[in-house]
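Data block for data.txt (compact mmCIF, C-alpha atoms and all ligand atoms):
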```txt
# COMPACT_ATOMS: atom_id res chain seq x y z
CA MET A 1 -10.40 -14.84 3.34
CA SER A 2 -12.04 -15.99 6.57
CA ALA A 3 -15.72 -15.60 7.39
CA THR A 4 -15.25 -12.32 9.23
CA GLY A 5 -12.15 -10.73 7.77
CA PHE A 6 -9.17 -11.15 5.49
CA ASP A 7 -6.82 -14.03 6.24
CA HIS A 8 -3.57 -13.07 7.91
CA PRO A 9 -0.82 -15.18 6.32
CA LYS A 10 2.55 -15.19 8.07
CA ALA A 11 5.87 -14.92 6.26
CA PRO A 12 7.95 -18.10 6.06
CA PHE A 13 11.19 -17.77 8.04
CA GLY A 14 14.05 -15.97 6.27
CA ARG A 15 14.31 -14.40 2.86
CA ARG A 16 13.77 -16.29 -0.39
CA LEU A 17 14.65 -15.66 -3.99
CA ALA A 18 11.80 -14.79 -6.36
CA THR A 19 12.23 -14.47 -10.12
CA VAL A 20 11.37 -11.22 -11.87
CA GLU A 21 8.86 -11.74 -14.68
CA MET A 22 8.27 -8.18 -15.85
CA ASN A 23 9.31 -4.60 -15.15
CA ALA A 24 7.32 -2.03 -17.10
CA PRO A 25 7.05 1.76 -16.90
CA THR A 26 3.70 3.28 -15.97
CA GLY A 27 3.10 7.00 -15.56
CA GLY A 28 6.48 7.74 -13.98
CA TYR A 29 6.43 4.61 -11.79
CA ARG A 30 7.49 1.00 -12.48
CA LEU A 31 5.32 -2.07 -12.19
CA VAL A 32 7.54 -5.00 -11.19
CA SER A 33 6.17 -8.56 -11.19
CA ALA A 34 7.95 -11.51 -9.63
CA LEU A 35 7.13 -15.17 -9.09
CA ASP A 36 7.33 -16.38 -5.50
CA SER A 37 7.41 -20.16 -5.76
CA GLU A 38 7.34 -20.87 -2.00
CA GLY A 39 5.40 -18.23 -0.08
CA PRO A 40 1.72 -17.97 0.84
CA ASP A 41 -0.75 -15.64 -0.86
CA PRO A 42 -0.55 -12.19 0.78
CA ALA A 43 -3.61 -10.42 2.16
CA PRO A 44 -4.58 -6.87 1.10
CA GLY A 45 -2.45 -4.30 2.92
CA GLN A 46 0.49 -6.61 3.66
CA PHE A 47 3.99 -5.75 2.48
CA TYR A 48 7.31 -7.36 1.54
CA MET A 49 10.90 -6.36 2.22
CA LEU A 50 12.66 -6.38 -1.17
CA ALA A 51 16.28 -6.34 -2.35
CA THR A 52 17.79 -7.12 -5.72
CA GLU A 53 19.92 -10.29 -5.87
CA ARG A 54 22.72 -8.37 -7.61
CA GLY A 55 23.91 -4.78 -7.31
CA TRP A 56 22.32 -4.11 -3.92
CA GLY A 57 24.68 -1.86 -2.02
CA GLY A 58 26.64 1.37 -2.21
CA VAL A 59 29.87 2.15 -4.02
CA ASP A 60 31.65 1.79 -0.68
CA GLY A 61 30.52 -1.83 -0.61
CA ARG A 62 28.16 -1.37 2.36
CA PRO A 63 24.90 -3.21 1.77
CA TYR A 64 21.59 -1.40 2.00
CA LEU A 65 18.88 -2.86 4.15
CA PRO A 66 15.99 -4.28 2.14
CA ARG A 67 13.16 -1.83 1.45
CA ALA A 68 9.43 -2.14 2.25
CA PHE A 69 6.81 -2.35 -0.52
CA SER A 70 3.09 -2.97 -0.47
CA VAL A 71 1.89 -5.77 -2.66
CA ALA A 72 -0.28 -4.23 -5.39
CA SER A 73 -1.66 -7.47 -6.76
CA ALA A 74 -1.17 -11.19 -6.21
CA GLU A 75 -2.24 -14.03 -8.44
CA ARG A 76 -1.93 -17.73 -7.58
CA ARG A 77 -0.56 -19.97 -10.33
CA ASP A 78 0.68 -23.57 -10.50
CA ALA A 79 4.30 -22.46 -10.07
CA GLY A 80 3.67 -20.10 -7.15
CA VAL A 81 2.18 -16.68 -6.54
CA ARG A 82 2.83 -13.79 -8.91
CA LEU A 83 3.40 -10.61 -6.92
CA ASP A 84 3.12 -7.14 -8.45
CA PHE A 85 4.75 -4.08 -6.89
CA LEU A 86 4.30 -0.47 -7.96
CA LEU A 87 7.55 1.42 -7.38
CA GLU A 88 8.54 5.05 -7.33
CA SER A 89 12.29 5.74 -7.59
CA VAL A 90 13.29 8.03 -4.76
CA GLY A 91 16.75 6.75 -3.82
CA PRO A 92 19.34 4.00 -4.29
CA GLY A 93 17.16 1.04 -3.23
CA THR A 94 14.20 1.92 -5.41
CA GLU A 95 16.52 2.76 -8.30
CA ALA A 96 18.15 -0.68 -8.09
CA LEU A 97 14.70 -2.30 -8.04
CA ALA A 98 13.56 -0.15 -10.98
CA GLY A 99 16.48 -1.55 -13.01
CA LEU A 100 15.45 -5.21 -12.61
CA ARG A 101 14.91 -7.25 -15.78
CA GLY A 102 12.96 -10.40 -16.55
CA GLY A 103 14.81 -13.45 -15.15
CA ASP A 104 16.66 -11.47 -12.46
CA GLY A 105 16.59 -12.60 -8.84
CA LEU A 106 14.66 -10.60 -6.23
CA TRP A 107 15.14 -11.28 -2.52
CA ILE A 108 11.79 -11.15 -0.76
CA THR A 109 10.72 -11.42 2.88
CA GLY A 110 7.01 -11.54 3.47
CA PRO A 111 4.11 -11.22 3.46
CA LEU A 112 4.56 -9.01 6.55
CA GLY A 113 2.34 -6.85 8.73
CA ASN A 114 -1.36 -6.68 9.47
CA PRO A 115 -3.69 -6.58 6.48
CA PHE A 116 -6.65 -4.26 6.07
CA SER A 117 -9.69 -5.20 8.13
CA ALA A 118 -12.78 -6.41 6.30
CA PRO A 119 -15.41 -3.63 5.95
CA ARG A 120 -17.86 -5.12 8.45
CA ASP A 121 -15.10 -5.62 11.01
CA LEU A 122 -14.61 -1.84 10.87
CA ASN A 123 -18.31 -0.99 10.73
CA PRO A 124 -20.89 -3.78 11.22
CA ARG A 125 -23.40 -1.74 9.17
CA ALA A 126 -20.99 -1.01 6.29
CA ALA A 127 -22.78 -1.02 2.94
CA GLY A 128 -19.98 0.22 0.71
CA ALA A 129 -16.27 1.02 0.84
CA ILE A 130 -14.51 4.15 -0.39
CA LEU A 131 -10.87 3.57 -1.34
CA VAL A 132 -8.77 6.75 -1.31
CA GLY A 133 -5.30 6.55 -2.87
CA GLY A 134 -2.65 9.19 -3.38
CA GLY A 135 0.32 8.69 -5.73
CA ILE A 136 2.25 5.49 -5.13
CA GLY A 137 -0.19 4.84 -2.25
CA ILE A 138 -2.69 3.41 -4.73
CA ALA A 139 -0.72 0.11 -4.58
CA PRO A 140 -2.27 -1.55 -1.48
CA LEU A 141 -5.73 -0.29 -2.46
CA ALA A 142 -5.47 -2.13 -5.78
CA VAL A 143 -5.16 -5.51 -4.10
CA LEU A 144 -7.90 -4.55 -1.62
CA ARG A 145 -10.17 -3.58 -4.52
CA ARG A 146 -9.79 -7.04 -6.07
CA ALA A 147 -10.56 -8.73 -2.76
CA LEU A 148 -13.70 -6.61 -2.31
CA SER A 149 -14.77 -7.37 -5.90
CA ARG A 150 -14.35 -11.10 -5.30
CA ARG A 151 -16.58 -10.76 -2.24
CA GLY A 152 -19.16 -8.73 -4.17
CA PHE A 153 -18.76 -5.88 -1.68
CA PRO A 154 -19.64 -2.48 -3.27
CA HIS A 155 -16.72 -0.07 -3.47
CA ARG A 156 -15.59 3.10 -5.23
CA ALA A 157 -12.03 4.30 -5.72
CA LEU A 158 -10.86 7.90 -5.53
CA LEU A 159 -7.29 8.24 -6.81
CA GLY A 160 -5.24 11.41 -6.73
CA PHE A 161 -1.92 12.35 -8.32
CA ARG A 162 0.42 15.28 -8.13
CA ASP A 163 1.07 15.44 -11.89
CA ARG A 164 1.36 13.23 -14.97
CA ALA A 165 4.90 12.21 -14.01
CA HIS A 166 3.58 10.70 -10.75
CA SER A 167 0.43 8.98 -11.91
CA GLY A 168 1.12 5.34 -12.78
CA GLY A 169 -0.72 2.10 -12.24
CA VAL A 170 -4.34 3.15 -12.76
CA SER A 171 -5.03 1.30 -16.02
CA GLU A 172 -3.06 -1.79 -14.96
CA LEU A 173 -4.37 -2.08 -11.39
CA PHE A 174 -7.81 -0.43 -11.43
CA SER A 175 -9.36 -1.61 -14.70
CA CYS A 176 -13.02 -2.65 -14.35
CA SER A 177 -13.48 -0.41 -11.30
CA GLU A 178 -15.52 2.66 -10.58
CA VAL A 179 -12.68 5.18 -10.31
CA ARG A 180 -12.72 8.95 -9.91
CA LEU A 181 -9.46 10.79 -10.49
CA ALA A 182 -8.00 14.01 -9.16
CA SER A 183 -4.72 15.66 -10.12
CA GLU A 184 -3.04 18.75 -8.74
CA ASP A 185 -1.93 19.83 -12.24
CA GLY A 186 -5.35 19.11 -13.75
CA HIS A 187 -4.08 16.54 -16.29
CA ALA A 188 -6.75 14.02 -15.25
CA GLY A 189 -10.10 14.33 -13.52
CA HIS A 190 -10.79 16.95 -10.87
CA ARG A 191 -8.10 19.64 -10.59
CA GLY A 192 -7.14 19.59 -6.95
CA TYR A 193 -6.80 17.08 -4.15
CA VAL A 194 -8.32 13.64 -3.93
CA THR A 195 -9.60 14.66 -0.50
CA ASP A 196 -11.90 17.19 -2.27
CA LEU A 197 -13.59 14.20 -3.94
CA LEU A 198 -13.79 12.35 -0.62
CA GLU A 199 -15.38 15.33 1.11
CA THR A 200 -18.09 15.55 -1.56
CA MET A 201 -18.71 11.82 -1.38
CA LEU A 202 -18.93 11.76 2.41
CA ASP A 203 -21.32 14.72 2.37
CA GLY A 204 -23.64 12.65 0.15
CA ASP A 205 -23.20 9.34 2.02
CA SER A 206 -24.50 8.20 5.35
CA ALA A 207 -21.65 8.01 7.88
CA ALA A 208 -23.47 5.11 9.51
CA THR A 209 -22.94 2.80 6.52
CA ALA A 210 -19.64 4.09 5.10
CA VAL A 211 -16.14 2.74 5.49
CA VAL A 212 -13.01 4.44 4.16
CA TYR A 213 -9.61 2.89 3.36
CA ALA A 214 -6.71 5.18 2.45
CA CYS A 215 -3.03 5.12 1.55
CA GLY A 216 -0.90 7.99 0.30
CA PRO A 217 1.28 10.89 1.40
CA PRO A 218 1.19 11.78 5.13
CA ALA A 219 -0.62 15.10 4.54
CA MET A 220 -3.34 13.36 2.54
CA LEU A 221 -3.71 10.61 5.13
CA GLU A 222 -3.97 13.14 7.93
CA ALA A 223 -6.70 15.00 6.01
CA VAL A 224 -8.59 11.72 5.46
CA ARG A 225 -8.17 10.82 9.13
CA ALA A 226 -9.51 14.19 10.32
CA MET A 227 -12.43 14.14 7.85
CA SER A 228 -13.47 10.62 8.87
CA LEU A 229 -13.16 11.27 12.61
CA GLU A 230 -15.17 14.51 12.33
CA ARG A 231 -18.00 12.66 10.58
CA GLY A 232 -17.82 9.47 12.63
CA VAL A 233 -16.94 7.40 9.54
CA ALA A 234 -15.07 4.11 10.09
CA CYS A 235 -11.65 4.49 8.51
CA GLU A 236 -8.46 2.51 8.15
CA LEU A 237 -5.17 3.96 6.90
CA ALA A 238 -2.13 2.18 5.45
CA LEU A 239 0.92 4.13 6.65
CA GLU A 240 4.42 3.99 5.15
CA THR A 241 6.70 5.02 7.99
CA PRO A 242 10.29 4.15 6.97
CA MET A 243 11.22 0.64 8.13
CA ALA A 244 14.61 -0.89 8.77
CA CYS A 245 13.85 -4.51 9.73
CA GLY A 246 10.14 -4.97 8.87
CA PHE A 247 9.49 -7.55 11.61
CA GLY A 248 9.49 -5.78 14.97
CA ALA A 249 13.16 -5.83 15.98
CA CYS A 250 14.45 -2.26 15.50
CA PHE A 251 11.64 0.11 16.66
CA GLY A 252 12.47 2.32 13.67
CA CYS A 253 8.85 2.47 12.50
CA ALA A 254 7.24 3.86 15.69
CA VAL A 255 3.95 5.72 15.22
CA PRO A 256 2.33 7.76 18.06
CA LEU A 257 -0.92 6.38 19.45
CA ALA A 258 -3.97 8.50 20.33
CA GLU A 259 -3.97 7.10 23.88
CA GLY A 260 -0.25 7.88 24.33
CA GLY A 261 2.78 5.70 23.64
CA TYR A 262 3.79 4.21 20.32
CA MET A 263 3.19 1.21 18.13
CA ARG A 264 5.59 -0.53 15.77
CA LEU A 265 3.96 -0.07 12.40
CA CYS A 266 5.60 -3.14 10.84
CA VAL A 267 3.91 -5.56 13.25
CA GLU A 268 0.78 -3.65 14.35
CA GLY A 269 0.24 -2.04 10.94
CA PRO A 270 0.75 -0.95 8.25
CA ALA A 271 -3.07 -0.86 8.18
CA VAL A 272 -4.29 0.98 11.29
CA ARG A 273 -7.64 2.38 12.38
CA ALA A 274 -7.74 6.16 12.03
CA ASP A 275 -8.89 6.63 15.64
CA ARG A 276 -6.00 4.54 17.02
CA ILE A 277 -3.21 6.92 16.08
CA ALA A 278 -2.43 10.47 17.20
CA THR A 279 -1.54 11.58 13.69
CA ALA A 280 -0.85 10.15 10.24
CA ALA A 281 1.62 12.95 9.53
CA THR A 282 4.62 11.19 11.05
CA ALA A 283 8.07 12.43 10.07
CA GLY A 284 9.55 10.81 6.98
CA ALA A 285 6.50 8.61 6.46
CA GLY A 286 5.18 8.18 2.96
CA HIS A 287 5.84 9.94 -0.29
CA ARG A 288 5.00 13.56 -0.91
C1 LIG A 301 4.76 -0.56 4.55
C2 LIG A 301 5.40 0.23 3.42
C3 LIG A 301 4.93 0.07 2.13
C4 LIG A 301 5.52 0.79 1.08
N1 LIG A 301 5.05 0.59 -0.17
C5 LIG A 301 5.64 1.22 -1.21
C6 LIG A 301 5.21 0.96 -2.54
O1 LIG A 301 4.27 0.19 -2.78
N2 LIG A 301 5.86 1.59 -3.54
C7 LIG A 301 6.91 2.44 -3.32
O2 LIG A 301 7.48 2.97 -4.26
N3 LIG A 301 7.32 2.71 -2.07
C8 LIG A 301 6.72 2.11 -1.02
N4 LIG A 301 7.16 2.35 0.26
C9 LIG A 301 8.25 3.32 0.43
C10 LIG A 301 9.60 2.65 0.14
O3 LIG A 301 9.88 1.70 1.13
C11 LIG A 301 10.68 3.75 0.15
O4 LIG A 301 10.45 4.64 -0.91
C12 LIG A 301 12.05 3.12 -0.03
O5 LIG A 301 12.40 2.45 1.16
C13 LIG A 301 13.08 4.17 -0.34
O6 LIG A 301 14.32 3.50 -0.46
P1 LIG A 301 15.51 4.12 -1.33
O7 LIG A 301 16.76 3.38 -1.01
O8 LIG A 301 15.13 4.19 -2.76
O9 LIG A 301 15.60 5.58 -0.82
P2 LIG A 301 16.26 6.12 0.55
O10 LIG A 301 17.67 6.54 0.30
O11 LIG A 301 15.99 5.16 1.66
O12 LIG A 301 15.38 7.38 0.70
C14 LIG A 301 15.36 8.35 -0.36
C15 LIG A 301 14.44 9.43 0.00
O13 LIG A 301 13.13 8.86 0.21
C16 LIG A 301 12.70 9.15 1.52
N5 LIG A 301 12.04 7.96 2.04
C17 LIG A 301 12.55 6.95 2.77
N6 LIG A 301 11.60 6.08 3.14
C18 LIG A 301 10.46 6.56 2.63
C19 LIG A 301 9.11 6.14 2.67
N7 LIG A 301 8.70 5.10 3.41
N8 LIG A 301 8.25 6.85 1.95
C20 LIG A 301 8.64 7.93 1.27
N9 LIG A 301 9.85 8.41 1.23
C21 LIG A 301 10.74 7.74 1.90
C22 LIG A 301 13.93 9.46 2.34
O14 LIG A 301 13.61 10.34 3.39
C23 LIG A 301 14.82 10.10 1.31
O15 LIG A 301 14.52 11.46 1.17
C24 LIG A 301 6.59 1.68 1.33
C25 LIG A 301 7.06 1.84 2.63
C26 LIG A 301 6.47 1.13 3.67
C27 LIG A 301 6.98 1.28 5.06
S1 LIG A 302 10.83 -1.74 11.06
FE1 LIG A 302 11.97 -2.60 12.68
S2 LIG A 302 10.56 -2.61 14.33
FE2 LIG A 302 9.38 -1.96 12.62
```

Would you mind giving the structure from this file in structure tokens?
Ligand SMILES: Cc1cc2nc3c(=O)[nH]c(=O)nc-3n(C[C@H](O)[C@H](O)[C@H](O)COP(=O)(O)OP(=O)(O)OC[C@H]3O[C@@H](n4cnc5c(N)ncnc54)[C@H](O)[C@@H]3O)c2cc1C
Ligand code: FES
Amino acid sequence: MSATGFDHPKAPFGRRLATVEMNAPTGGYRLVSALDSEGPDPAPGQFYMLATERGWGGVDGRPYLPRAFSVASAERRDAGVRLDFLLESVGPGTEALAGLRGGDGLWITGPLGNPFSAPRDLNPRAAGAILVGGGIGIAPLAVLRRALSRRGFPHRALLGFRDRAHSGGVSELFSCSEVRLASEDGHAGHRGYVTDLLETMLDGDSAATAVVYACGPPAMLEAVRAMSLERGVACELALETPMACGFGACFGCAVPLAEGGYMRLCVEGPAVRADRIATAATAGAGHR
């Protein structure tokens, strides 16, 4: 981390083979850990393009493109950096990744994209951060939470889930944190949306000293964006617009800007200021 913000490590050229250390179920998701022996430590909010070494491709033999995943935690060791990813199976790529076993090879490209901004880069008077995660979107907030803890910067996490079957990663990634939960089915915490908790918290906080970070489904992110803009609260969102290349070449990840035009999320995001974009509810972006 630099004096003013998080470091912004760049991906080494090309893909490299990491070794899977663990793949464990958690609340309907999978937590996959792999050792990257060559790459730099990622910053909070950055992502990797992942593909399994074996069995990546359709029955017709056509390969899939690698898929984008936020790093959920990163730990430096003598042999490299251990990367954790929280995965939800939604299609062939995520299913192949969910089937990885210890010792398997995992192709990785990264760390990619712009990390989250440091709180005082978003709001010079920031006194505390509110982390708002929905479903699988809790992943990048977990690594941000650790970075804020290391800095001694006060933060609270609000995490929301649809139901028990889509609710993994909290105990593994958010232990030792002040966490408030919401669930649509009422199985944990407040029955309803995580944005209900945010609204209550923002009503009690001073907008002048707050900063909000959020990642989750597009509808949730759009609600967080609108709530923050209405109250003048500094806010950064991590979007998950589908990506084909991950490094700026295909324009498949375009997100509309508030001032008109588009940005490529993979190089100018995935963390973006809420007031920079026209909407967070971009088609096909993020999980439900
Ligand atoms: C920057 C970034 C970070 C991400 N981080 C994570 C993460 O930490 N954990 C995780 O599980 N997923 C994450 N995703 C989403 C993940 O990349 C997609 O779920 C994955 O590409 C789907 O691949 P597939 O082959 O399994 O399914 P596909 O066959 O590609 O798609 C299956 C279904 O999922 C939908 N889909 C495609 N892309 C996305 C998307 N981006 N979000 C939601 N639905 C999608 C498709 O419309 C389709 O209905 C992230 C995406 C981005 C861009
Ligand atoms: S994913 Fe290709 S330009 Fe962003």

I'd like a table as JSON lines: residues in chain A with an atom no more than 9 Å from ligand LIG 302 (chain A), each row giving the shortest atom pair and its distance in Å to one decimal, only C-alpha atoms and all ligand atoms counted, sorted by chain and rising residue number.
```
{"residue": "A:Ala68", "atom": "CA", "partner": "A:LIG302", "partner_atom": "S1", "distance": 8.9}
{"residue": "A:Thr241", "atom": "CA", "partner": "A:LIG302", "partner_atom": "S1", "distance": 8.5}
{"residue": "A:Pro242", "atom": "CA", "partner": "A:LIG302", "partner_atom": "S1", "distance": 7.2}
{"residue": "A:Met243", "atom": "CA", "partner": "A:LIG302", "partner_atom": "S1", "distance": 3.8}
{"residue": "A:Ala244", "atom": "CA", "partner": "A:LIG302", "partner_atom": "S1", "distance": 4.5}
{"residue": "A:Cys245", "atom": "CA", "partner": "A:LIG302", "partner_atom": "FE1", "distance": 4.0}
{"residue": "A:Gly246", "atom": "CA", "partner": "A:LIG302", "partner_atom": "S1", "distance": 4.0}
{"residue": "A:Phe247", "atom": "CA", "partner": "A:LIG302", "partner_atom": "FE1", "distance": 5.6}
{"residue": "A:Gly248", "atom": "CA", "partner": "A:LIG302", "partner_atom": "S2", "distance": 3.4}
{"residue": "A:Ala249", "atom": "CA", "partner": "A:LIG302", "partner_atom": "S2", "distance": 4.5}
{"residue": "A:Cys250", "atom": "CA", "partner": "A:LIG302", "partner_atom": "FE1", "distance": 3.8}
{"residue": "A:Phe251", "atom": "CA", "partner": "A:LIG302", "partner_atom": "S2", "distance": 3.7}
{"residue": "A:Gly252", "atom": "CA", "partner": "A:LIG302", "partner_atom": "FE1", "distance": 5.0}
{"residue": "A:Cys253", "atom": "CA", "partner": "A:LIG302", "partner_atom": "FE2", "distance": 4.5}
{"residue": "A:Ala254", "atom": "CA", "partner": "A:LIG302", "partner_atom": "FE2", "distance": 6.9}
{"residue": "A:Met263", "atom": "CA", "partner": "A:LIG302", "partner_atom": "FE2", "distance": 8.9}
{"residue": "A:Arg264", "atom": "CA", "partner": "A:LIG302", "partner_atom": "FE2", "distance": 5.1}
{"residue": "A:Leu265", "atom": "CA", "partner": "A:LIG302", "partner_atom": "FE2", "distance": 5.7}
{"residue": "A:Cys266", "atom": "CA", "partner": "A:LIG302", "partner_atom": "FE2", "distance": 4.3}
{"residue": "A:Val267", "atom": "CA", "partner": "A:LIG302", "partner_atom": "FE2", "distance": 6.6}
{"residue": "A:Glu268", "atom": "CA", "partner": "A:LIG302", "partner_atom": "FE2", "distance": 8.9}
```

Exercise for the section: Would you kindly return, as a PyMOL selection string, each protein, DNA or RNA residue with an atom no farther than 8 Å from any atom of segment 35-43 of chain A, considering all atoms listed in the file and excluding same-chain residues fewer than 2 positions away? Expected result: chain A and resi 6-12+17-21+33+45-46+71+74-76+79-83+110-111+115-116

Fill in the blank from the handout: Judged by all atoms listed in the file, the minimum distance to ligand LIG 301 (chain A) among A:Leu50, A:Ala118, A:Ala139, A:Val211 is found for A:Ala139

If you count all atoms listed in the file, which residues end up within 7 Å of ligand LIG 301 (chain A), as a tab-separated table (two decimals) with C-alpha atoms, keeping the file's coordinate frame?
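Once everything was written out, this is pocket-v7.tsv:
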```tsv
chain	number	residue	atom	x	y	z
A	47	PHE	CA	3.99	-5.75	2.48
A	67	ARG	CA	13.16	-1.83	1.45
A	68	ALA	CA	9.43	-2.14	2.25
A	69	PHE	CA	6.81	-2.35	-0.52
A	70	SER	CA	3.09	-2.97	-0.47
A	71	VAL	CA	1.89	-5.77	-2.66
A	72	ALA	CA	-0.28	-4.23	-5.39
A	85	PHE	CA	4.75	-4.08	-6.89
A	86	LEU	CA	4.30	-0.47	-7.96
A	87	LEU	CA	7.55	1.42	-7.38
A	88	GLU	CA	8.54	5.05	-7.33
A	89	SER	CA	12.29	5.74	-7.59
A	90	VAL	CA	13.29	8.03	-4.76
A	91	GLY	CA	16.75	6.75	-3.82
A	92	PRO	CA	19.34	4.00	-4.29
A	93	GLY	CA	17.16	1.04	-3.23
A	94	THR	CA	14.20	1.92	-5.41
A	95	GLU	CA	16.52	2.76	-8.30
A	136	ILE	CA	2.25	5.49	-5.13
A	137	GLY	CA	-0.19	4.84	-2.25
A	139	ALA	CA	-0.72	0.11	-4.58
A	140	PRO	CA	-2.27	-1.55	-1.48
A	239	LEU	CA	0.92	4.13	6.65
A	240	GLU	CA	4.42	3.99	5.15
A	241	THR	CA	6.70	5.02	7.99
A	242	PRO	CA	10.29	4.15	6.97
A	243	MET	CA	11.22	0.64	8.13
A	266	CYS	CA	5.60	-3.14	10.84
A	270	PRO	CA	0.75	-0.95	8.25
A	284	GLY	CA	9.55	10.81	6.98
A	285	ALA	CA	6.50	8.61	6.46
A	286	GLY	CA	5.18	8.18	2.96
A	287	HIS	CA	5.84	9.94	-0.29
```

Problem - A:Gly189, A:Pro217, A:Gly128, A:Gly99 ranked by distance to Ala24 of chain A, top pick (using all atoms listed in the file) - result: A:Gly99
